[in-house]
>>> print(open('data-v4.pdb').read())   # PDB, C-alpha atoms
ATOM      1  CA  MET A   1      28.729   2.098  15.956
ATOM      2  CA  ALA A   2      26.652  -1.056  15.574
ATOM      3  CA  GLU A   3      29.537  -3.116  14.150
ATOM      4  CA  GLU A   4      31.401  -2.773  17.480
ATOM      5  CA  ALA A   5      28.453  -3.929  19.579
ATOM      6  CA  THR A   6      28.262  -7.701  19.085
ATOM      7  CA  ASP A   7      28.778  -8.410  22.785
ATOM      8  CA  LEU A   8      26.123  -6.015  24.072
ATOM      9  CA  ALA A   9      22.907  -7.140  25.747
ATOM     10  CA  PRO A  10      19.726  -7.061  23.613
ATOM     11  CA  ALA A  11      18.372  -3.957  25.374
ATOM     12  CA  SER A  12      21.647  -2.121  24.752
ATOM     13  CA  LEU A  13      21.615  -3.136  21.101
ATOM     14  CA  ALA A  14      18.057  -1.822  20.873
ATOM     15  CA  ARG A  15      19.186   1.543  22.233
ATOM     16  CA  LEU A  16      21.922   1.669  19.596
ATOM     17  CA  ALA A  17      19.408   0.804  16.893
ATOM     18  CA  ARG A  18      17.111   3.611  18.007
ATOM     19  CA  ALA A  19      20.080   5.988  17.958
ATOM     20  CA  ASP A  20      20.894   4.880  14.409
ATOM     21  CA  LEU A  21      17.278   5.513  13.433
ATOM     22  CA  ALA A  22      17.347   8.962  15.016
ATOM     23  CA  ALA A  23      20.441   9.793  12.984
ATOM     24  CA  LEU A  24      18.749   9.058   9.661
ATOM     25  CA  THR A  25      18.184  12.158   7.552
ATOM     26  CA  LEU A  26      15.343  10.416   5.709
ATOM     27  CA  ARG A  27      13.255   7.791   7.497
ATOM     28  CA  SER A  28      12.164   5.919   4.409
ATOM     29  CA  THR A  29      11.490   2.183   4.416
ATOM     30  CA  PRO A  30      14.700   1.416   2.451
ATOM     31  CA  ALA A  31      16.755   3.504   4.901
ATOM     32  CA  VAL A  32      15.208   1.792   7.924
ATOM     33  CA  ARG A  33      15.822  -1.608   6.336
ATOM     34  CA  LEU A  34      19.514  -0.789   6.030
ATOM     35  CA  VAL A  35      19.559  -0.277   9.800
ATOM     36  CA  ARG A  36      17.630  -3.521  10.278
ATOM     37  CA  ARG A  37      20.123  -5.475   8.152
ATOM     38  CA  ARG A  38      22.958  -4.166  10.308
ATOM     39  CA  TYR A  39      21.326  -5.495  13.464
ATOM     40  CA  SER A  40      20.170  -8.727  11.861
ATOM     41  CA  ASN A  41      23.821  -9.410  11.064
ATOM     42  CA  LEU A  42      24.795  -8.699  14.668
ATOM     43  CA  LEU A  43      22.071 -11.011  15.962
ATOM     44  CA  LYS A  44      22.498 -13.770  13.389
ATOM     45  CA  GLN A  45      24.513 -16.025  15.693
ATOM     46  CA  GLN A  46      22.610 -15.069  18.839
ATOM     47  CA  PRO A  47      20.001 -17.354  20.440
ATOM     48  CA  ALA A  48      16.326 -16.807  19.693
ATOM     49  CA  ARG A  49      15.730 -15.403  23.156
ATOM     50  CA  ALA A  50      18.175 -12.536  22.533
ATOM     51  CA  VAL A  51      16.542 -11.657  19.206
ATOM     52  CA  ILE A  52      13.085 -11.588  20.803
ATOM     53  CA  GLU A  53      14.318  -9.394  23.658
ATOM     54  CA  PHE A  54      15.905  -7.031  21.144
ATOM     55  CA  ALA A  55      12.683  -6.879  19.105
ATOM     56  CA  ILE A  56      10.530  -6.106  22.130
ATOM     57  CA  ALA A  57      12.935  -3.386  23.261
ATOM     58  CA  VAL A  58      13.443  -1.723  19.879
ATOM     59  CA  SER A  59       9.686  -1.506  19.241
ATOM     60  CA  ALA A  60       8.732  -0.358  22.744
ATOM     61  CA  ASP A  61       8.277   3.291  21.754
ATOM     62  CA  GLY A  62       5.613   2.314  19.197
ATOM     63  CA  ARG A  63       7.218   4.087  16.224
ATOM     64  CA  TRP A  64       6.827   2.379  12.872
ATOM     65  CA  GLU A  65      10.583   2.300  12.297
ATOM     66  CA  GLY A  66      11.232   0.276  15.436
ATOM     67  CA  ARG A  67       8.302  -2.009  14.684
ATOM     68  CA  LEU A  68       9.656  -2.692  11.199
ATOM     69  CA  ILE A  69      13.066  -3.600  12.591
ATOM     70  CA  ALA A  70      11.507  -5.760  15.315
ATOM     71  CA  CYS A  71       9.195  -7.712  13.032
ATOM     72  CA  GLU A  72      11.766  -8.336  10.335
ATOM     73  CA  ALA A  73      14.545  -9.196  12.797
ATOM     74  CA  ILE A  74      12.384 -11.988  14.208
ATOM     75  CA  ALA A  75      10.967 -13.149  10.885
ATOM     76  CA  LEU A  76      14.427 -13.431   9.308
ATOM     77  CA  HIS A  77      16.195 -15.142  12.211
ATOM     78  CA  PRO A  78      16.409 -18.929  11.822
ATOM     79  CA  SER A  79      14.818 -19.781  15.180
ATOM     80  CA  ALA A  80      13.301 -16.644  16.730
ATOM     81  CA  LEU A  81       9.830 -17.005  15.226
ATOM     82  CA  SER A  82       9.486 -20.597  16.423
ATOM     83  CA  ALA A  83      10.486 -19.498  19.949
ATOM     84  CA  LEU A  84       7.803 -16.824  20.292
ATOM     85  CA  GLY A  85       5.158 -17.306  22.948
ATOM     86  CA  GLU A  86       1.817 -15.663  23.708
ATOM     87  CA  ARG A  87       3.445 -13.288  26.172
ATOM     88  CA  HIS A  88       6.076 -12.122  23.693
ATOM     89  CA  VAL A  89       3.507 -11.535  20.958
ATOM     90  CA  ALA A  90       1.220  -9.639  23.334
ATOM     91  CA  ARG A  91       4.066  -7.313  24.359
ATOM     92  CA  MET A  92       4.961  -6.597  20.747
ATOM     93  CA  ALA A  93       1.309  -5.894  19.875
ATOM     94  CA  LYS A  94       0.886  -3.135  22.442
ATOM     95  CA  GLY A  95      -0.048   0.213  20.948
ATOM     96  CA  LEU A  96      -0.760  -0.906  17.377
ATOM     97  CA  ALA A  97      -2.889   1.916  15.998
ATOM     98  CA  ASN A  98      -2.535   2.303  12.242
ATOM     99  CA  TRP A  99      -2.993   0.096   9.222
ATOM    100  CA  GLY A 100       0.680  -0.073   8.276
ATOM    101  CA  THR A 101       1.984  -1.399  11.583
ATOM    102  CA  VAL A 102      -1.067  -3.612  12.124
ATOM    103  CA  ASP A 103      -0.607  -5.274   8.735
ATOM    104  CA  LEU A 104       3.147  -5.627   9.181
ATOM    105  CA  PHE A 105       2.705  -7.244  12.583
ATOM    106  CA  GLY A 106      -0.172  -9.433  11.414
ATOM    107  CA  VAL A 107       1.588 -10.955   8.414
ATOM    108  CA  THR A 108       5.116 -11.264   9.849
ATOM    109  CA  ILE A 109       4.557 -12.091  13.533
ATOM    110  CA  LEU A 110       1.022 -12.836  14.708
ATOM    111  CA  GLY A 111      -0.208 -14.836  11.723
ATOM    112  CA  PRO A 112       2.858 -17.102  11.436
ATOM    113  CA  ALA A 113       2.962 -17.601  15.223
ATOM    114  CA  TRP A 114      -0.722 -18.576  15.184
ATOM    115  CA  ARG A 115      -0.218 -20.902  12.241
ATOM    116  CA  GLU A 116       2.617 -22.672  14.061
ATOM    117  CA  GLY A 117       0.675 -23.024  17.318
ATOM    118  CA  ARG A 118       2.618 -20.389  19.231
ATOM    119  CA  VAL A 119      -0.545 -18.273  19.620
ATOM    120  CA  SER A 120      -3.935 -19.769  20.430
ATOM    121  CA  ASP A 121      -7.203 -19.562  18.517
ATOM    122  CA  ALA A 122      -8.645 -17.922  21.620
ATOM    123  CA  THR A 123      -6.225 -15.002  21.314
ATOM    124  CA  ILE A 124      -7.258 -14.327  17.713
ATOM    125  CA  GLU A 125     -10.943 -14.583  18.615
ATOM    126  CA  LYS A 126     -10.387 -12.121  21.471
ATOM    127  CA  HIS A 127      -8.920  -9.637  18.994
ATOM    128  CA  ALA A 128     -11.959 -10.137  16.745
ATOM    129  CA  ARG A 129     -14.294  -9.251  19.651
ATOM    130  CA  SER A 130     -12.331  -6.144  20.633
ATOM    131  CA  THR A 131     -13.855  -2.666  20.670
ATOM    132  CA  ASP A 132     -10.569  -1.480  19.105
ATOM    133  CA  ARG A 133     -10.872  -1.365  15.315
ATOM    134  CA  TRP A 134      -7.171  -2.149  14.931
ATOM    135  CA  ARG A 135      -7.418  -5.342  16.976
ATOM    136  CA  ARG A 136     -10.361  -6.461  14.885
ATOM    137  CA  ARG A 137      -8.439  -5.735  11.694
ATOM    138  CA  LEU A 138      -5.447  -7.569  13.145
ATOM    139  CA  SER A 139      -7.477 -10.746  13.669
ATOM    140  CA  LEU A 140      -8.334 -10.812   9.952
ATOM    141  CA  VAL A 141      -4.844  -9.892   8.767
ATOM    142  CA  ALA A 142      -3.480 -12.765  10.858
ATOM    143  CA  THR A 143      -5.357 -15.208   8.620
ATOM    144  CA  VAL A 144      -3.312 -14.178   5.569
ATOM    145  CA  PRO A 145      -0.217 -16.244   6.504
ATOM    146  CA  LEU A 146      -2.463 -19.279   6.987
ATOM    147  CA  ASN A 147      -3.256 -19.196   3.279
ATOM    148  CA  SER A 148      -0.434 -17.321   1.544
ATOM    149  CA  LYS A 149       2.032 -19.741   0.003
ATOM    150  CA  ALA A 150       4.599 -16.941  -0.186
ATOM    151  CA  ARG A 151       4.314 -16.483   3.599
ATOM    152  CA  GLY A 152       4.613 -20.160   4.466
ATOM    153  CA  GLY A 153       0.954 -21.176   4.361
ATOM    154  CA  LYS A 154      -0.050 -24.732   3.547
ATOM    155  CA  GLU A 155      -0.866 -25.665  -0.017
ATOM    156  CA  THR A 156      -4.506 -26.262   0.962
ATOM    157  CA  GLY A 157      -4.785 -23.163   3.149
ATOM    158  CA  ASP A 158      -6.788 -23.104   6.371
ATOM    159  CA  ALA A 159     -10.428 -22.421   5.562
ATOM    160  CA  ARG A 160     -11.667 -23.494   8.982
ATOM    161  CA  ARG A 161      -9.761 -20.925  11.001
ATOM    162  CA  THR A 162      -9.966 -18.184   8.378
ATOM    163  CA  LEU A 163     -13.734 -18.403   7.994
ATOM    164  CA  ARG A 164     -14.284 -18.616  11.737
ATOM    165  CA  VAL A 165     -12.694 -15.170  12.136
ATOM    166  CA  CYS A 166     -14.622 -13.841   9.131
ATOM    167  CA  ARG A 167     -17.925 -15.063  10.625
ATOM    168  CA  GLN A 168     -17.190 -13.169  13.841
ATOM    169  CA  LEU A 169     -16.869  -9.919  11.899
ATOM    170  CA  LEU A 170     -19.606 -10.278   9.294
ATOM    171  CA  GLY A 171     -21.578  -7.307  10.572
ATOM    172  CA  ASP A 172     -18.605  -4.996  11.122
ATOM    173  CA  ARG A 173     -18.749  -1.961   8.833
ATOM    174  CA  ASP A 174     -15.601  -0.198   9.974
ATOM    175  CA  ASP A 175     -13.709   0.530   6.758
ATOM    176  CA  MET A 176     -10.442  -0.878   8.088
ATOM    177  CA  VAL A 177     -12.168  -4.122   9.046
ATOM    178  CA  VAL A 178     -14.120  -4.380   5.785
ATOM    179  CA  LYS A 179     -10.941  -4.037   3.726
ATOM    180  CA  ALA A 180      -9.204  -6.664   5.855
ATOM    181  CA  MET A 181     -12.168  -9.027   5.433
ATOM    182  CA  SER A 182     -11.860  -8.709   1.673
ATOM    183  CA  TRP A 183      -8.126  -9.371   1.868
ATOM    184  CA  ALA A 184      -8.578 -12.435   4.088
ATOM    185  CA  LEU A 185     -11.194 -14.000   1.815
ATOM    186  CA  ARG A 186      -9.306 -13.209  -1.387
ATOM    187  CA  GLU A 187      -6.167 -14.817   0.017
ATOM    188  CA  LEU A 188      -8.090 -17.939   1.003
ATOM    189  CA  ALA A 189      -9.681 -18.016  -2.462
ATOM    190  CA  LYS A 190      -6.240 -18.759  -3.930
ATOM    191  CA  ARG A 191      -6.096 -21.986  -1.910
ATOM    192  CA  ASP A 192      -9.734 -23.007  -1.496
ATOM    193  CA  ALA A 193     -12.027 -21.166  -3.892
ATOM    194  CA  GLY A 194     -14.916 -23.504  -3.160
ATOM    195  CA  ALA A 195     -14.952 -22.692   0.542
ATOM    196  CA  VAL A 196     -14.919 -18.956  -0.180
ATOM    197  CA  GLU A 197     -17.648 -19.217  -2.807
ATOM    198  CA  GLU A 198     -19.872 -21.117  -0.385
ATOM    199  CA  PHE A 199     -19.157 -18.602   2.397
ATOM    200  CA  VAL A 200     -20.060 -15.631   0.181
ATOM    201  CA  ALA A 201     -23.262 -17.319  -0.985
ATOM    202  CA  ARG A 202     -24.331 -18.241   2.545
ATOM    203  CA  HIS A 203     -23.616 -14.830   4.064
ATOM    204  CA  HIS A 204     -24.338 -12.664   1.027
ATOM    205  CA  GLU A 205     -26.743 -10.306   2.795
ATOM    206  CA  ARG A 206     -24.507  -9.787   5.827
ATOM    207  CA  LEU A 207     -21.269  -9.159   3.955
ATOM    208  CA  ALA A 208     -20.314  -5.561   3.212
ATOM    209  CA  PRO A 209     -20.904  -4.665  -0.458
ATOM    210  CA  ARG A 210     -17.194  -4.014  -0.947
ATOM    211  CA  VAL A 211     -16.350  -7.501   0.277
ATOM    212  CA  ARG A 212     -18.959  -9.124  -1.950
ATOM    213  CA  ARG A 213     -17.745  -7.198  -4.981
ATOM    214  CA  GLU A 214     -14.010  -7.703  -4.540
ATOM    215  CA  VAL A 215     -14.194 -11.341  -3.511
ATOM    216  CA  THR A 216     -16.622 -12.216  -6.290
ATOM    217  CA  ASN A 217     -14.330 -10.494  -8.785
ATOM    218  CA  LYS A 218     -11.406 -12.518  -7.430
ATOM    219  CA  LEU A 219     -13.311 -15.772  -7.776
ATOM    220  CA  ARG A 220     -14.475 -15.013 -11.303
ATOM    221  CA  THR A 221     -11.489 -13.230 -12.814
ATOM    222  CA  GLY A 222      -8.554 -13.701 -10.452
ATOM    223  CA  LEU A 223      -8.444  -9.934  -9.876
ATOM    224  CA  LYS A 224      -9.855  -7.777  -7.085
ATOM    225  CA  THR A 225     -10.795  -5.046  -9.556
ATOM    226  CA  PRO A 226     -10.822  -6.194 -13.189
ATOM    227  CA  ARG A 227      -9.879  -3.599 -15.755
ATOM    228  CA  ARG A 228     -12.731  -2.214 -17.757
ATOM    229  CA  PRO A 229     -12.503  -2.950 -21.488
ATOM    230  CA  SER A 230     -11.342   0.061 -23.453
ATOM    231  CA  SER A 231     -13.929   1.622 -25.707
TER     232      SER A 231
END
>>> encode(input="data-v4.pdb", output="structure tokens")
Amino acid sequence: MAEEATDLAPASLARLARADLAALTLRSTPAVRLVRRRYSNLLKQQPARAVIEFAIAVSADGRWEGRLIACEAIALHPSALSALGERHVARMAKGLANWGTVDLFGVTILGPAWREGRVSDATIEKHARSTDRWRRRLSLVATVPLNSKARGGKETGDARRTLRVCRQLLGDRDDMVVKAMSWALRELAKRDAGAVEEFVARHHERLAPRVRREVTNKLRTGLKTPRRPSS
């Protein structure tokens, strides 16, 4: 069905993609990615605007399958990510309410868009102040692409912006936020260990014990949880 649809509008392509998803007997990540590859091929020669419209439409129902297709379709298109604006990102972020989709969106869309100046610092700080635990987690997850070399981060990382978000959430004890704080600091530690070590020392009493433990382990051993020596 999809192979005959190269001339369809983005919203129509999105409807076909959702139909292909509905036809899957097993909605596993590999199966959904096969659908995504089909539509990435159809959109490969399309302008960035069409890819973004498709992504917004295919993820509108909030299901993880559509969000996966949307995020990866944009991330893997040569120009779509660099064409994203605040309004596009805000539309795609609507309804995020579990760790899987929050993390996917944070590392593939929001974080890279922020890093490239397509999303403002103010937007990330607003997420960090939210009463919604998932928005607060999202603000921390978005720092990962600033510092992850594999995700396009600079060699030196971005301690300034990463630690500013971490400072906003120092007292947050929601488990989803605590785990994201640990992740953000451990990722920065790969690029700027000194900045992370100073941050942990300065805010030792305010950091959650889990964060102190995992980040300190990372700084000392390179591992979040070092293996215990066998007896």
>>> resolve_selection(input="data-v4.pdb", expression="the PyMOL selection byres ((chain A and resi 148) around 10)", output="list in words")
Val107, Thr143, Val144, Pro145, Leu146, Asn147, Lys149, Ala150, Arg151, Gly152, Gly153, Lys154, Glu155, Thr156, Gly157, Asp158, Ala184, Glu187, Leu188, Lys190 and Arg191 of chain A
>>> resolve_selection(input="data-v4.pdb", expression="the PyMOL selection byres ((chain A and resi 129) around 12)", output="PyMOL selection string")
chain A and resi 122-128+130-140+165-172+177
>>> residues_around(input="data-v4.pdb", residues="Arg63 (chain A)", least_positions_apart="5", cutoff="12 Å", atoms="all atoms listed in the file", output="MDAnalysis selection string")
chainID A and resid 18 21:22 27 32 57:58 68:70 92 94:98 100:101
>>> resolve_selection(input="data-v4.pdb", expression="the PyMOL selection byres ((chain A and resi 196) around 12)", output="ChimeraX atom specification")
/A:157-160,162-164,166-167,181-195,197-204,211-212,215-216,218-220
>>> write_last_selection(input="data-v4.pdb", atoms="C-alpha atoms", output="JSON list (two decimals), keeping the file's coordinate frame")
[["chain", "number", "residue", "atom", "x", "y", "z"],
["A", 157, "GLY", "CA", -4.78, -23.16, 3.15],
["A", 158, "ASP", "CA", -6.79, -23.10, 6.37],
["A", 159, "ALA", "CA", -10.43, -22.42, 5.56],
["A", 160, "ARG", "CA", -11.67, -23.49, 8.98],
["A", 162, "THR", "CA", -9.97, -18.18, 8.38],
["A", 163, "LEU", "CA", -13.73, -18.40, 7.99],
["A", 164, "ARG", "CA", -14.28, -18.62, 11.74],
["A", 166, "CYS", "CA", -14.62, -13.84, 9.13],
["A", 167, "ARG", "CA", -17.92, -15.06, 10.62],
["A", 181, "MET", "CA", -12.17, -9.03, 5.43],
["A", 182, "SER", "CA", -11.86, -8.71, 1.67],
["A", 183, "TRP", "CA", -8.13, -9.37, 1.87],
["A", 184, "ALA", "CA", -8.58, -12.44, 4.09],
["A", 185, "LEU", "CA", -11.19, -14.00, 1.82],
["A", 186, "ARG", "CA", -9.31, -13.21, -1.39],
["A", 187, "GLU", "CA", -6.17, -14.82, 0.02],
["A", 188, "LEU", "CA", -8.09, -17.94, 1.00],
["A", 189, "ALA", "CA", -9.68, -18.02, -2.46],
["A", 190, "LYS", "CA", -6.24, -18.76, -3.93],
["A", 191, "ARG", "CA", -6.10, -21.99, -1.91],
["A", 192, "ASP", "CA", -9.73, -23.01, -1.50],
["A", 193, "ALA", "CA", -12.03, -21.17, -3.89],
["A", 194, "GLY", "CA", -14.92, -23.50, -3.16],
["A", 195, "ALA", "CA", -14.95, -22.69, 0.54],
["A", 197, "GLU", "CA", -17.65, -19.22, -2.81],
["A", 198, "GLU", "CA", -19.87, -21.12, -0.38],
["A", 199, "PHE", "CA", -19.16, -18.60, 2.40],
["A", 200, "VAL", "CA", -20.06, -15.63, 0.18],
["A", 201, "ALA", "CA", -23.26, -17.32, -0.98],
["A", 202, "ARG", "CA", -24.33, -18.24, 2.54],
["A", 203, "HIS", "CA", -23.62, -14.83, 4.06],
["A", 204, "HIS", "CA", -24.34, -12.66, 1.03],
["A", 211, "VAL", "CA", -16.35, -7.50, 0.28],
["A", 212, "ARG", "CA", -18.96, -9.12, -1.95],
["A", 215, "VAL", "CA", -14.19, -11.34, -3.51],
["A", 216, "THR", "CA", -16.62, -12.22, -6.29],
["A", 218, "LYS", "CA", -11.41, -12.52, -7.43],
["A", 219, "LEU", "CA", -13.31, -15.77, -7.78],
["A", 220, "ARG", "CA", -14.48, -15.01, -11.30]]
>>> closest_residue(input="data-v4.pdb", among="A:Ile74, A:Val102, A:Ala208, A:Ala23", to="Lys44 (chain A)", atoms="only C-alpha atoms")
A:Ile74
>>> decode(input="data-v4.pdb", residues="region 116-190 of chain A", atoms="C-alpha atoms", output="PDB file, in the first residue's frame")
ATOM      1  CA  GLU A 116      20.972  23.620  17.355  1.00  0.00           C
ATOM      2  CA  GLY A 117      19.063  26.690  18.553  1.00  0.00           C
ATOM      3  CA  ARG A 118      15.683  25.607  17.217  1.00  0.00           C
ATOM      4  CA  VAL A 119      14.261  25.509  20.768  1.00  0.00           C
ATOM      5  CA  SER A 120      15.041  28.154  23.371  1.00  0.00           C
ATOM      6  CA  ASP A 121      16.598  27.794  26.811  1.00  0.00           C
ATOM      7  CA  ALA A 122      13.380  29.281  28.165  1.00  0.00           C
ATOM      8  CA  THR A 123      11.354  26.354  26.822  1.00  0.00           C
ATOM      9  CA  ILE A 124      13.581  23.812  28.573  1.00  0.00           C
ATOM     10  CA  GLU A 125      13.472  25.797  31.815  1.00  0.00           C
ATOM     11  CA  LYS A 126       9.671  25.920  31.579  1.00  0.00           C
ATOM     12  CA  HIS A 127       9.599  22.126  31.347  1.00  0.00           C
ATOM     13  CA  ALA A 128      11.861  21.931  34.412  1.00  0.00           C
ATOM     14  CA  ARG A 129       9.391  24.075  36.409  1.00  0.00           C
ATOM     15  CA  SER A 130       6.355  22.044  35.346  1.00  0.00           C
ATOM     16  CA  THR A 131       4.087  20.272  37.823  1.00  0.00           C
ATOM     17  CA  ASP A 132       4.074  17.355  35.344  1.00  0.00           C
ATOM     18  CA  ARG A 133       6.751  14.817  36.270  1.00  0.00           C
ATOM     19  CA  TRP A 134       7.201  13.863  32.616  1.00  0.00           C
ATOM     20  CA  ARG A 135       7.950  17.434  31.556  1.00  0.00           C
ATOM     21  CA  ARG A 136      10.513  17.723  34.318  1.00  0.00           C
ATOM     22  CA  ARG A 137      12.120  14.458  33.242  1.00  0.00           C
ATOM     23  CA  LEU A 138      12.042  15.670  29.644  1.00  0.00           C
ATOM     24  CA  SER A 139      14.050  18.786  30.508  1.00  0.00           C
ATOM     25  CA  LEU A 140      16.854  16.597  31.887  1.00  0.00           C
ATOM     26  CA  VAL A 141      16.729  14.046  29.076  1.00  0.00           C
ATOM     27  CA  ALA A 142      17.066  16.910  26.591  1.00  0.00           C
ATOM     28  CA  THR A 143      20.541  17.625  27.975  1.00  0.00           C
ATOM     29  CA  VAL A 144      21.825  14.213  26.852  1.00  0.00           C
ATOM     30  CA  PRO A 145      22.268  15.195  23.170  1.00  0.00           C
ATOM     31  CA  LEU A 146      24.229  18.261  24.286  1.00  0.00           C
ATOM     32  CA  ASN A 147      26.918  15.958  25.649  1.00  0.00           C
ATOM     33  CA  SER A 148      26.598  12.625  23.842  1.00  0.00           C
ATOM     34  CA  LYS A 149      29.128  12.373  21.039  1.00  0.00           C
ATOM     35  CA  ALA A 150      27.084   9.556  19.504  1.00  0.00           C
ATOM     36  CA  ARG A 151      24.075  11.906  19.304  1.00  0.00           C
ATOM     37  CA  GLY A 152      25.950  14.822  17.774  1.00  0.00           C
ATOM     38  CA  GLY A 153      27.085  16.620  20.922  1.00  0.00           C
ATOM     39  CA  LYS A 154      30.215  18.745  20.921  1.00  0.00           C
ATOM     40  CA  GLU A 155      33.501  17.219  21.976  1.00  0.00           C
ATOM     41  CA  THR A 156      33.567  19.467  25.059  1.00  0.00           C
ATOM     42  CA  GLY A 157      29.890  18.991  25.908  1.00  0.00           C
ATOM     43  CA  ASP A 158      27.729  21.786  27.293  1.00  0.00           C
ATOM     44  CA  ALA A 159      28.201  21.979  31.050  1.00  0.00           C
ATOM     45  CA  ARG A 160      26.601  25.406  31.342  1.00  0.00           C
ATOM     46  CA  ARG A 161      23.194  24.451  30.005  1.00  0.00           C
ATOM     47  CA  THR A 162      23.216  20.935  31.445  1.00  0.00           C
ATOM     48  CA  LEU A 163      24.015  22.053  34.982  1.00  0.00           C
ATOM     49  CA  ARG A 164      21.523  24.905  34.835  1.00  0.00           C
ATOM     50  CA  VAL A 165      18.710  22.378  34.319  1.00  0.00           C
ATOM     51  CA  CYS A 166      20.148  20.100  37.013  1.00  0.00           C
ATOM     52  CA  ARG A 167      20.239  22.999  39.508  1.00  0.00           C
ATOM     53  CA  GLN A 168      16.551  23.682  38.875  1.00  0.00           C
ATOM     54  CA  LEU A 169      15.681  20.118  39.866  1.00  0.00           C
ATOM     55  CA  LEU A 170      18.072  19.490  42.747  1.00  0.00           C
ATOM     56  CA  GLY A 171      15.304  19.039  45.294  1.00  0.00           C
ATOM     57  CA  ASP A 172      13.026  16.911  43.110  1.00  0.00           C
ATOM     58  CA  ARG A 173      12.600  13.408  44.529  1.00  0.00           C
ATOM     59  CA  ASP A 174      10.257  11.984  41.921  1.00  0.00           C
ATOM     60  CA  ASP A 175      11.882   8.710  40.877  1.00  0.00           C
ATOM     61  CA  MET A 176      11.571   9.470  37.169  1.00  0.00           C
ATOM     62  CA  VAL A 177      13.284  12.823  37.657  1.00  0.00           C
ATOM     63  CA  VAL A 178      15.999  11.428  39.935  1.00  0.00           C
ATOM     64  CA  LYS A 179      16.930   8.769  37.381  1.00  0.00           C
ATOM     65  CA  ALA A 180      17.034  11.374  34.614  1.00  0.00           C
ATOM     66  CA  MET A 181      19.255  13.619  36.753  1.00  0.00           C
ATOM     67  CA  SER A 182      21.711  10.767  37.161  1.00  0.00           C
ATOM     68  CA  TRP A 183      21.657  10.113  33.421  1.00  0.00           C
ATOM     69  CA  ALA A 184      22.212  13.785  32.564  1.00  0.00           C
ATOM     70  CA  LEU A 185      25.181  14.138  34.913  1.00  0.00           C
ATOM     71  CA  ARG A 186      26.754  10.833  33.890  1.00  0.00           C
ATOM     72  CA  GLU A 187      26.540  11.815  30.230  1.00  0.00           C
ATOM     73  CA  LEU A 188      28.168  15.173  30.937  1.00  0.00           C
ATOM     74  CA  ALA A 189      30.870  13.403  32.962  1.00  0.00           C
ATOM     75  CA  LYS A 190      32.098  11.774  29.738  1.00  0.00           C
TER      76      LYS A 190
END
